[in-house]
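Structure data (compact mmCIF, C-alpha atoms) from work_24.txt:
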```txt
# COMPACT_ATOMS: atom_id res chain seq x y z
CA MET D 1242 4.83 23.26 -19.64
CA ASP D 1243 5.47 19.80 -21.13
CA GLU D 1244 5.94 16.61 -19.12
CA ASP D 1245 9.75 16.82 -19.12
CA GLN D 1246 9.63 20.32 -17.71
CA LEU D 1247 7.07 19.20 -15.14
CA VAL D 1248 9.36 16.42 -13.95
CA GLN D 1249 12.38 18.75 -13.88
CA GLY D 1250 10.39 21.23 -11.82
CA LEU D 1251 9.27 18.47 -9.50
CA ARG D 1252 12.87 17.36 -8.96
CA SER D 1253 13.79 20.87 -7.89
CA GLN D 1254 10.63 21.00 -5.73
CA ASP D 1255 9.46 24.11 -7.53
CA PRO D 1256 6.15 25.23 -5.93
CA GLY D 1257 4.80 26.45 -9.28
CA THR D 1258 5.36 23.02 -10.82
CA VAL D 1259 3.65 21.26 -7.93
CA GLN D 1260 0.66 23.57 -8.36
CA GLU D 1261 0.61 22.93 -12.08
CA LEU D 1262 0.75 19.18 -11.55
CA VAL D 1263 -2.18 19.38 -9.14
CA VAL D 1264 -4.18 21.39 -11.67
CA ALA D 1265 -3.30 19.01 -14.51
CA HIS D 1266 -3.85 15.66 -12.78
CA GLY D 1267 -5.31 16.31 -9.33
CA ASP D 1268 -9.01 15.95 -10.10
CA ARG D 1269 -8.57 12.84 -12.24
CA LEU D 1270 -6.46 11.20 -9.53
CA PHE D 1271 -9.00 12.24 -6.92
CA ARG D 1272 -11.88 10.63 -8.82
CA SER D 1273 -9.94 7.45 -9.25
CA ALA D 1274 -9.03 7.50 -5.55
CA CYS D 1275 -12.72 7.97 -4.65
CA LEU D 1276 -13.61 4.86 -6.62
CA LEU D 1277 -10.72 2.92 -5.15
CA CYS D 1278 -11.35 3.77 -1.50
CA GLY D 1279 -14.99 4.89 -1.53
CA ASN D 1280 -14.55 7.89 0.72
CA GLU D 1281 -13.92 11.49 -0.35
CA ALA D 1282 -11.97 12.62 2.70
CA GLU D 1283 -9.66 9.64 2.56
CA ALA D 1284 -9.34 10.01 -1.21
CA GLN D 1285 -8.08 13.56 -0.63
CA ASP D 1286 -5.48 12.30 1.83
CA LEU D 1287 -4.40 9.61 -0.62
CA VAL D 1288 -4.03 12.16 -3.42
CA GLN D 1289 -2.06 14.50 -1.16
CA GLU D 1290 0.30 11.68 -0.18
CA THR D 1291 0.59 10.72 -3.85
CA PHE D 1292 1.89 14.18 -4.74
CA LEU D 1293 4.23 14.23 -1.74
CA GLN D 1294 5.68 10.87 -2.72
CA ALA D 1295 5.98 12.06 -6.32
CA VAL D 1296 8.06 15.03 -5.19
CA ARG D 1297 10.25 12.77 -3.05
CA SER D 1298 10.76 10.18 -5.78
CA ALA D 1299 10.90 12.46 -8.83
CA ASN D 1300 14.57 11.62 -9.32
CA GLY D 1301 13.62 7.98 -9.85
CA PHE D 1302 11.11 8.76 -12.61
CA GLU D 1303 12.67 7.66 -15.88
CA GLY D 1304 9.97 8.88 -18.22
CA ARG D 1305 9.00 5.41 -19.48
CA SER D 1306 5.34 6.19 -18.87
CA SER D 1307 3.26 9.35 -18.81
CA VAL D 1308 3.34 11.44 -15.66
CA TYR D 1309 -0.29 10.55 -14.95
CA THR D 1310 0.45 6.81 -15.21
CA TRP D 1311 3.36 7.25 -12.82
CA LEU D 1312 1.24 9.23 -10.36
CA HIS D 1313 -1.56 6.70 -10.60
CA GLY D 1314 0.90 3.90 -9.84
CA ILE D 1315 1.87 5.70 -6.62
CA LEU D 1316 -1.81 6.20 -5.77
CA LEU D 1317 -2.51 2.52 -6.32
CA ASN D 1318 0.28 1.50 -3.94
CA LEU D 1319 -0.98 3.90 -1.29
CA THR D 1320 -4.52 2.59 -1.73
CA ARG D 1321 -3.28 -0.95 -1.12
CA HIS D 1322 -1.80 0.16 2.19
CA TYR D 1323 -5.09 1.88 2.95
CA HIS D 1324 -7.01 -1.35 2.33
CA ARG D 1325 -4.57 -3.31 4.48
CA ASP D 1326 -4.93 -0.87 7.38
CA ARG D 1327 -8.70 -0.86 7.02
CA LYS D 1328 -8.77 -4.63 7.07
CA ARG D 1329 -6.78 -4.56 10.30
CA LEU D 1330 -9.27 -2.14 11.84
CA ILE D 1331 -12.19 -4.37 10.91
CA TYR D 1332 -10.37 -7.33 12.40
CA ASP D 1333 -9.82 -5.48 15.68
CA GLU D 1334 -13.49 -4.57 15.77
CA GLU D 1335 -14.40 -8.22 15.39
CA LEU D 1336 -12.17 -9.10 18.30
CA ALA D 1337 -13.62 -6.35 20.43
CA HIS D 1338 -17.22 -7.42 19.90
CA GLY D 1339 -16.62 -11.14 19.74
CA GLU D 1340 -18.54 -11.49 16.49
CA PRO D 1341 -17.93 -10.60 12.86
CA ALA D 1342 -18.56 -6.92 12.14
CA LEU D 1343 -21.01 -6.24 9.38
CA PRO D 1344 -19.98 -3.60 6.87
CA ASP D 1345 -21.22 -0.24 8.07
CA GLU D 1346 -22.70 1.61 5.13
CA THR D 1347 -22.70 4.98 6.82
CA SER D 1348 -19.10 5.07 7.98
CA THR D 1349 -17.20 3.07 5.40
CA GLY D 1350 -19.48 3.31 2.40
CA PRO D 1351 -19.07 5.66 -0.51
CA ASP D 1352 -19.65 9.36 -0.09
CA VAL D 1353 -23.30 10.30 -0.36
CA GLU D 1354 -22.36 12.94 -2.91
CA MET D 1355 -21.63 10.26 -5.45
CA ALA D 1356 -24.27 10.43 -8.11
CA THR D 1357 -24.89 6.74 -8.66
CA GLY D 1358 -24.80 5.58 -5.10
CA ALA D 1359 -25.88 2.00 -5.74
CA LEU D 1360 -23.06 1.38 -8.17
CA ALA D 1361 -20.54 2.97 -5.82
CA LYS D 1362 -21.86 0.88 -2.93
CA ALA D 1363 -21.58 -2.30 -4.98
CA LEU D 1364 -18.01 -1.28 -5.81
CA CYS D 1365 -17.21 -0.62 -2.16
CA ARG D 1366 -18.36 -4.09 -1.16
CA LEU D 1367 -15.73 -5.66 -3.39
CA SER D 1368 -12.37 -6.61 -1.94
CA GLY D 1369 -9.42 -4.30 -2.69
CA PRO D 1370 -7.93 -6.50 -5.43
CA HIS D 1371 -11.28 -6.87 -7.20
CA ARG D 1372 -12.02 -3.18 -6.95
CA GLU D 1373 -8.59 -2.36 -8.39
CA VAL D 1374 -9.14 -4.32 -11.59
CA ILE D 1375 -12.64 -2.89 -12.09
CA VAL D 1376 -11.42 0.70 -11.69
CA LEU D 1377 -8.34 0.17 -13.85
CA ARG D 1378 -10.37 -1.51 -16.58
CA PHE D 1379 -13.53 0.55 -16.70
CA TYR D 1380 -12.45 3.92 -15.32
CA GLU D 1381 -8.83 4.14 -16.38
CA ASP D 1382 -9.60 2.28 -19.65
CA MET D 1383 -6.56 0.07 -19.32
CA LYS D 1384 -5.98 -3.06 -21.36
CA ILE D 1385 -5.63 -6.47 -19.75
CA HIS D 1386 -1.87 -6.66 -20.22
CA GLU D 1387 -1.44 -3.13 -18.89
CA ILE D 1388 -3.41 -3.98 -15.75
CA ALA D 1389 -1.37 -7.15 -15.30
CA ALA D 1390 1.87 -5.18 -15.59
CA ARG D 1391 0.65 -2.45 -13.25
CA LEU D 1392 -0.48 -4.87 -10.55
CA GLY D 1393 2.33 -7.36 -11.04
CA ILE D 1394 -0.03 -10.28 -11.64
CA SER D 1395 -0.72 -12.57 -14.61
CA LYS D 1396 -3.24 -11.74 -17.32
CA GLY D 1397 -5.21 -14.83 -16.28
CA THR D 1398 -5.50 -13.49 -12.73
CA VAL D 1399 -6.66 -10.11 -14.04
CA LYS D 1400 -9.36 -11.77 -16.13
CA SER D 1401 -10.56 -14.04 -13.36
CA ARG D 1402 -10.71 -11.10 -10.92
CA LEU D 1403 -12.63 -9.06 -13.49
CA HIS D 1404 -15.05 -11.89 -14.10
CA TYR D 1405 -15.67 -12.39 -10.40
CA ALA D 1406 -15.94 -8.66 -9.67
CA ILE D 1407 -18.48 -8.03 -12.43
CA ALA D 1408 -20.57 -11.00 -11.31
CA GLU D 1409 -20.40 -9.83 -7.71
CA MET D 1410 -21.44 -6.27 -8.61
CA GLN D 1411 -24.25 -7.64 -10.71
CA ARG D 1412 -25.43 -9.69 -7.75
CA ARG D 1413 -25.34 -6.72 -5.38
CA LEU D 1414 -26.96 -4.12 -7.59
CA PRO D 1415 -30.72 -3.62 -7.24
CA SER D 1416 -32.52 -5.30 -10.15
CA ASN D 1417 -33.77 -2.00 -11.57
CA LEU D 1418 -30.18 -0.77 -11.75
CA ASN D 1419 -28.71 -4.01 -13.00
CA LEU D 1420 -26.59 -2.99 -15.92
CA PHE D 1421 -25.88 -6.42 -17.26
CA SER D 1422 -29.04 -8.38 -16.62
CA ALA D 1423 -28.70 -10.57 -19.70
CA ARG D 1424 -25.28 -11.81 -18.70
CA GLY D 1425 -26.21 -14.21 -15.94
CA THR D 1426 -29.08 -15.67 -17.90
CA GLN D 1427 -26.84 -16.19 -20.87
CA GLU D 1428 -24.10 -17.85 -18.82
CA ARG D 1429 -26.61 -20.22 -17.27
CA ALA D 1430 -28.03 -21.01 -20.70
CA MET D 1431 -24.59 -21.88 -22.05
CA ARG D 1432 -23.82 -24.40 -19.29
CA MET Q 1235 -10.76 -21.67 -32.27
CA ASN Q 1236 -13.66 -22.98 -30.19
CA CYS Q 1237 -16.16 -21.13 -27.95
CA ARG Q 1238 -14.24 -21.79 -24.75
CA ARG Q 1239 -11.02 -20.43 -26.22
CA PHE Q 1240 -12.75 -17.38 -27.67
CA GLN Q 1241 -14.48 -16.52 -24.40
CA CYS Q 1242 -11.17 -16.94 -22.61
CA GLU Q 1243 -9.58 -14.36 -24.89
CA ILE Q 1244 -12.56 -12.08 -25.25
CA TYR Q 1245 -10.93 -9.22 -23.29
CA GLU Q 1246 -7.80 -9.34 -25.44
CA PHE Q 1247 -10.02 -9.44 -28.53
CA LEU Q 1248 -11.78 -6.28 -27.34
CA ASP Q 1249 -8.41 -4.68 -26.53
CA GLY Q 1250 -7.08 -5.54 -29.97
CA SER Q 1251 -4.06 -7.07 -28.28
CA LEU Q 1252 -4.27 -10.57 -29.80
CA SER Q 1253 -1.56 -11.62 -32.24
CA PRO Q 1254 -2.59 -11.16 -35.90
CA ARG Q 1255 -2.97 -14.92 -36.25
CA ALA Q 1256 -5.14 -15.26 -33.12
CA GLN Q 1257 -7.16 -12.21 -34.16
CA ALA Q 1258 -7.90 -13.76 -37.56
CA ALA Q 1259 -8.87 -17.07 -35.91
CA ALA Q 1260 -11.18 -15.26 -33.49
CA GLU Q 1261 -12.87 -13.35 -36.30
CA ARG Q 1262 -13.36 -16.55 -38.26
CA HIS Q 1263 -14.92 -18.17 -35.20
CA LEU Q 1264 -17.16 -15.16 -34.56
CA SER Q 1265 -18.53 -15.16 -38.08
CA GLY Q 1266 -19.94 -18.64 -37.53
CA CYS Q 1267 -20.90 -18.57 -33.81
CA ALA Q 1268 -23.97 -16.66 -32.69
CA ALA Q 1269 -23.42 -17.42 -28.99
CA CYS Q 1270 -19.93 -15.88 -29.02
CA ARG Q 1271 -21.17 -12.88 -30.99
CA GLN Q 1272 -23.79 -12.41 -28.30
CA ALA Q 1273 -21.18 -12.78 -25.56
CA LEU Q 1274 -19.01 -10.17 -27.27
CA ILE Q 1275 -21.91 -7.71 -27.52
CA GLN Q 1276 -22.69 -8.35 -23.87
CA GLU Q 1277 -19.10 -7.68 -22.86
CA GLN Q 1278 -19.02 -4.44 -24.87
CA GLN Q 1279 -22.28 -3.29 -23.30
CA THR Q 1280 -21.00 -4.05 -19.82
CA ALA Q 1281 -17.80 -2.12 -20.47
CA ARG Q 1282 -19.63 0.86 -21.93
CA SER Q 1283 -22.23 0.85 -19.19
CA LEU Q 1284 -19.72 0.64 -16.35
CA SER Q 1285 -17.40 3.26 -17.86
CA ASP Q 1286 -20.32 5.59 -18.39
CA LYS Q 1287 -21.70 5.08 -14.86
CA PHE Q 1288 -18.32 5.56 -13.23
CA ARG Q 1289 -17.76 8.78 -15.14
CA ARG Q 1290 -21.18 10.10 -14.25
CA ALA Q 1291 -20.66 9.11 -10.63
CA THR Q 1292 -17.37 10.99 -10.39
CA ASP Q 1293 -17.67 13.87 -12.87
CA SER Q 1294 -18.86 16.27 -10.20
CA LEU Q 1295 -16.01 15.38 -7.83
CA GLN Q 1296 -13.27 17.95 -7.61
CA LEU Q 1297 -10.45 18.63 -5.24
CA PRO Q 1298 -11.25 21.54 -2.93
CA PRO Q 1299 -9.88 24.96 -3.85
CA GLY Q 1300 -6.41 25.51 -2.45
CA PHE Q 1301 -5.51 21.84 -2.50
CA GLY Q 1302 -2.20 22.72 -4.17
CA HIS Q 1303 -1.36 25.01 -1.24
CA ARG Q 1304 -2.21 22.18 1.15
CA ILE Q 1305 0.36 19.98 -0.59
CA LEU Q 1306 2.98 22.73 -0.55
CA ALA Q 1307 2.34 23.29 3.15
CA ALA Q 1308 2.72 19.55 3.80
CA LEU Q 1309 5.98 19.59 1.86
CA VAL Q 1310 7.33 22.44 3.95
CA ASP Q 1311 6.12 20.70 7.09
CA LYS Q 1312 8.05 17.54 6.23
CA HIS Q 1313 11.27 19.53 5.80
CA ARG Q 1314 10.85 21.60 8.96
CA VAL Q 1315 13.50 21.29 11.69
CA PRO Q 1316 11.94 19.49 14.67
CA SER Q 1317 11.18 21.47 17.81
CA GLU Q 1318 13.20 20.88 21.00
CA HIS Q 1319 10.52 18.56 22.37
CA GLN Q 1320 10.38 16.62 19.10
CA ALA Q 1321 14.19 16.45 19.00
CA VAL Q 1322 14.32 14.89 22.46
CA ALA Q 1323 11.62 12.38 21.51
CA LEU Q 1324 13.49 11.62 18.32
CA PHE Q 1325 16.68 11.11 20.29
CA TRP Q 1326 15.17 8.61 22.68
CA ARG Q 1327 13.58 6.77 19.81
CA ARG Q 1328 16.96 6.59 18.08
CA LEU Q 1329 18.62 5.51 21.30
CA ALA Q 1330 16.15 2.75 22.07
CA TRP Q 1331 17.69 0.03 19.89
CA PRO Q 1332 21.33 0.66 20.86
CA LEU Q 1333 20.30 0.59 24.52
CA VAL Q 1334 18.41 -2.65 24.08
CA ALA Q 1335 21.36 -4.15 22.18
CA ALA Q 1336 23.86 -3.05 24.86
CA ALA Q 1337 21.67 -4.37 27.68
CA SER Q 1338 21.20 -7.68 25.87
CA GLY Q 1339 24.95 -7.95 25.33
CA LEU Q 1340 25.67 -7.33 29.00
CA LEU Q 1341 23.06 -9.87 30.04
CA LEU Q 1342 24.53 -12.42 27.68
CA VAL Q 1343 28.06 -11.88 28.98
CA GLY Q 1344 26.76 -11.90 32.55
CA SER Q 1345 24.82 -15.13 32.11
CA PHE Q 1346 27.91 -16.74 30.59
CA PHE Q 1347 30.21 -15.92 33.48
CA PHE Q 1348 27.68 -16.05 36.29
CA PRO Q 1349 25.14 -18.75 35.44
CA VAL Q 1350 22.20 -19.06 37.79
CA ARG Q 1351 22.03 -22.51 39.25
CA ALA Q 1352 19.34 -23.87 41.47
CA PRO Q 1353 20.89 -25.63 44.47
CA GLY Q 1354 20.28 -29.37 44.41
CA PRO Q 1355 18.57 -31.12 47.33
CA GLY Q 1356 20.90 -31.69 50.23
CA THR Q 1357 23.79 -29.83 48.67
CA ALA Q 1358 25.46 -26.89 50.28
CA PRO Q 1359 25.36 -23.60 48.40
CA SER Q 1360 28.38 -23.21 46.17
CA HIS Q 1361 31.03 -20.69 47.14
CA PRO Q 1362 33.07 -20.07 43.98
CA HIS Q 1363 35.42 -17.62 45.64
CA SER Q 1364 36.38 -20.19 48.23
CA ALA Q 1365 37.91 -22.49 45.58
CA GLY Q 1366 41.62 -22.26 45.14
CA GLY Q 1367 43.21 -20.46 42.18
CA GLU Q 1368 41.86 -17.64 40.01
CA VAL Q 1369 41.91 -16.53 36.39
CA THR Q 1370 42.19 -13.00 35.14
CA VAL Q 1371 39.66 -11.95 32.50
CA GLN Q 1372 39.01 -8.77 30.60
CA LEU Q 1373 35.38 -7.80 30.26
CA SER Q 1374 34.44 -5.16 27.69
CA TYR Q 1375 31.07 -3.53 27.27
CA VAL Q 1376 29.66 -0.70 25.20
CA VAL Q 1377 27.99 2.33 26.72
CA PRO Q 1378 25.93 4.62 24.47
CA ILE Q 1379 26.36 8.30 25.32
CA TYR Q 1380 23.86 10.84 24.20
CA THR Q 1381 24.56 14.56 24.25
CA PHE Q 1382 22.62 17.45 22.94
CA ARG Q 1383 23.37 21.12 22.77
CA ARG Q 1384 21.45 24.18 21.78
CA GLU Q 1385 22.72 26.34 18.93
CA GLY Q 1386 20.52 29.34 18.32
CA GLY Q 1387 17.03 28.05 17.68
CA PHE Q 1388 18.18 24.48 17.05
CA VAL Q 1389 18.84 21.52 19.27
CA ILE Q 1390 21.65 19.35 17.96
CA ASP Q 1391 21.94 15.86 19.31
CA ALA Q 1392 24.82 13.42 19.02
CA LEU Q 1393 25.03 9.75 19.81
CA THR Q 1394 28.44 8.23 20.57
CA TYR Q 1395 29.53 4.93 22.02
CA GLN Q 1396 32.23 4.29 24.58
CA THR Q 1397 33.76 0.88 25.06
CA ASN Q 1398 34.79 0.18 28.65
CA VAL Q 1399 37.21 -2.60 29.52
CA ILE Q 1400 37.58 -3.93 33.05
CA ASP Q 1401 39.97 -6.51 34.45
CA GLU Q 1402 38.41 -9.06 36.69
CA ARG Q 1403 39.61 -12.10 38.53
CA LEU Q 1404 37.34 -15.09 38.40
CA PRO Q 1405 37.36 -18.27 40.52
CA ALA Q 1406 39.27 -21.33 39.39
CA GLN Q 1407 36.14 -23.12 38.23
CA PHE Q 1408 36.34 -20.94 35.11
CA ALA Q 1409 39.96 -21.90 34.42
CA ARG Q 1410 38.84 -24.43 31.85
CA LEU Q 1411 37.81 -21.51 29.67
CA ARG Q 1412 41.42 -20.64 29.03
```
Mind turning the file's structure into structure tokens?
Amino acid sequence: MDEDQLVQGLRSQDPGTVQELVVAHGDRLFRSACLLCGNEAEAQDLVQETFLQAVRSANGFEGRSSVYTWLHGILLNLTRHYHRDRKRLIYDEELAHGEPALPDETSTGPDVEMATGALAKALCRLSGPHREVIVLRFYEDMKIHEIAARLGISKGTVKSRLHYAIAEMQRRLPSNLNLFSARGTQERAMR
Amino acid sequence: MNCRRFQCEIYEFLDGSLSPRAQAAAERHLSGCAACRQALIQEQQTARSLSDKFRRATDSLQLPPGFGHRILAALVDKHRVPSEHQAVALFWRRLAWPLVAAASGLLLVGSFFFPVRAPGPGTAPSHPHSAGGEVTVQLSYVVPIYTFRREGGFVIDALTYQTNVIDERLPAQFARLR
């Protein structure tokens, strides 16, 4: 089944098409969702809601991008809501205890199943906007102008977020896992 | 092109999305600048390393078996007709705003015609009806009416509005409103 047929099937809410779409793109979306939100159970919910929204909005899909790009756009929007809600929860917790809540690695950190836990943890400590650009750039292999268009921000903002996010991850990673150890030294040397 | 400019456009250079002219200028600069060549190599290594680590971190992750059925079930669930209890809850939720609007409207009309005044010191309470002369006014207000009936296994609800008009005679002190 090609992409046009998939979209047609989605518009008619054909169960077979929904299944096929899940088989074709489900795992890839799920992995991206795991990196974006850092939690497997919530990533599953996000992917489920992505497919539900895709079915509901299939009539609006004009075929200007691939189906995966379209689905990933929906996922990204949902993840932003997820981050907003999570931020609200953290804020409430601060109010309740009268002091800033420290990030809880066990409850909000990445799933322990993730193979490179340190990297995932460093990713999870980034803010939503910084995590988005890292995942889009290095997991989804998107170009700067594509990320800018997807997020509705300027290319300059994408680059500055990337720069900050990489430096922040570098700072948080244990030295034995530091993937870009020469970078900081070089930057300091150039100043 | 200088070092600052090159490093500013290093991502676009890696993407191959610079204009042909800018690309040529960047390559010319690179051929004579060891620091920028080093920065480019560093950037490529970072990208490769991160991509590789992310893939290795997520390669084993898969949606659970039957996830497609879970989505289909959720789809069906969203289209399901609400139960009687849910229908009643839905009705009250739908009715809440019209009720608030109607109550606010009545309060507004009421406060206009019957303002609350605190009696001043040493003054006798006012007796509007004792003043001579009256004006006739028509007061209209909206009443939301909710009905629901059962048809087979379904509960069908309907929301209608009825406008009531009453004639009232008000004391002469309101005559200036004419």
Contact set, chain Q to chain D: 8 Å, only C-alpha atoms, as a PDB file with C-alpha atoms, in the coordinates of the input:
```
ATOM      1  CA  TYR Q1245     -10.930  -9.220 -23.290  1.00  0.00           C
ATOM      2  CA  GLU Q1246      -7.800  -9.340 -25.440  1.00  0.00           C
ATOM      3  CA  ASP Q1249      -8.410  -4.680 -26.530  1.00  0.00           C
ATOM      4  CA  GLN Q1276     -22.690  -8.350 -23.870  1.00  0.00           C
ATOM      5  CA  GLN Q1279     -22.280  -3.290 -23.300  1.00  0.00           C
ATOM      6  CA  THR Q1280     -21.000  -4.050 -19.820  1.00  0.00           C
ATOM      7  CA  ALA Q1281     -17.800  -2.120 -20.470  1.00  0.00           C
ATOM      8  CA  SER Q1283     -22.230   0.850 -19.190  1.00  0.00           C
ATOM      9  CA  LEU Q1284     -19.720   0.640 -16.350  1.00  0.00           C
ATOM     10  CA  SER Q1285     -17.400   3.260 -17.860  1.00  0.00           C
ATOM     11  CA  LYS Q1287     -21.700   5.080 -14.860  1.00  0.00           C
ATOM     12  CA  PHE Q1288     -18.320   5.560 -13.230  1.00  0.00           C
ATOM     13  CA  ARG Q1289     -17.760   8.780 -15.140  1.00  0.00           C
ATOM     14  CA  ARG Q1290     -21.180  10.100 -14.250  1.00  0.00           C
ATOM     15  CA  ALA Q1291     -20.660   9.110 -10.630  1.00  0.00           C
ATOM     16  CA  THR Q1292     -17.370  10.990 -10.390  1.00  0.00           C
ATOM     17  CA  ASP Q1293     -17.670  13.870 -12.870  1.00  0.00           C
ATOM     18  CA  LEU Q1295     -16.010  15.380  -7.830  1.00  0.00           C
ATOM     19  CA  GLN Q1296     -13.270  17.950  -7.610  1.00  0.00           C
ATOM     20  CA  LEU Q1297     -10.450  18.630  -5.240  1.00  0.00           C
ATOM     21  CA  PHE Q1301      -5.510  21.840  -2.500  1.00  0.00           C
ATOM     22  CA  GLY Q1302      -2.200  22.720  -4.170  1.00  0.00           C
ATOM     23  CA  HIS Q1303      -1.360  25.010  -1.240  1.00  0.00           C
ATOM     24  CA  ILE Q1305       0.360  19.980  -0.590  1.00  0.00           C
ATOM     25  CA  LEU Q1306       2.980  22.730  -0.550  1.00  0.00           C
ATOM     26  CA  ALA Q1308       2.720  19.550   3.800  1.00  0.00           C
ATOM     27  CA  LEU Q1309       5.980  19.590   1.860  1.00  0.00           C
TER      28      LEU Q1309
END
```
Handout entry: Among listed residues D:Ile1394, D:Met1410, D:Pro1415, D:Ser1307, nearest D:His1266 (using all atoms listed in the file)
Key = D:Ser1307
Problem - Among listed residues D:Thr1398, D:Glu1387, D:His1322, D:Leu1247, nearest D:Gly1304 (using only C-alpha atoms) - result: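 When distances to D:Gly1304 are compared using only C-alpha atoms, the smallest one comes from D:Leu1247.
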Determine the axis-aligned bounding box of all atoms of stretch 1278-1285 of chain Q present in the file, pad each side by 5 Å, and express its centre and edge lengths in Å to one decimal place as AutoDock Vina command-line options.
```
--center_x -19.8 --center_y -0.6 --center_z -20.6 --size_x 14.9 --size_y 17.7 --size_z 18.5
```
Problem - Distance of atom CA of Q:Thr1370 from atom CA of Q:Pro1332, expressed in Å to one decimal place - result: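 Atom-to-atom, atom CA of Q:Pro1332 to atom CA of Q:Thr1370, that is 28.7 Å.
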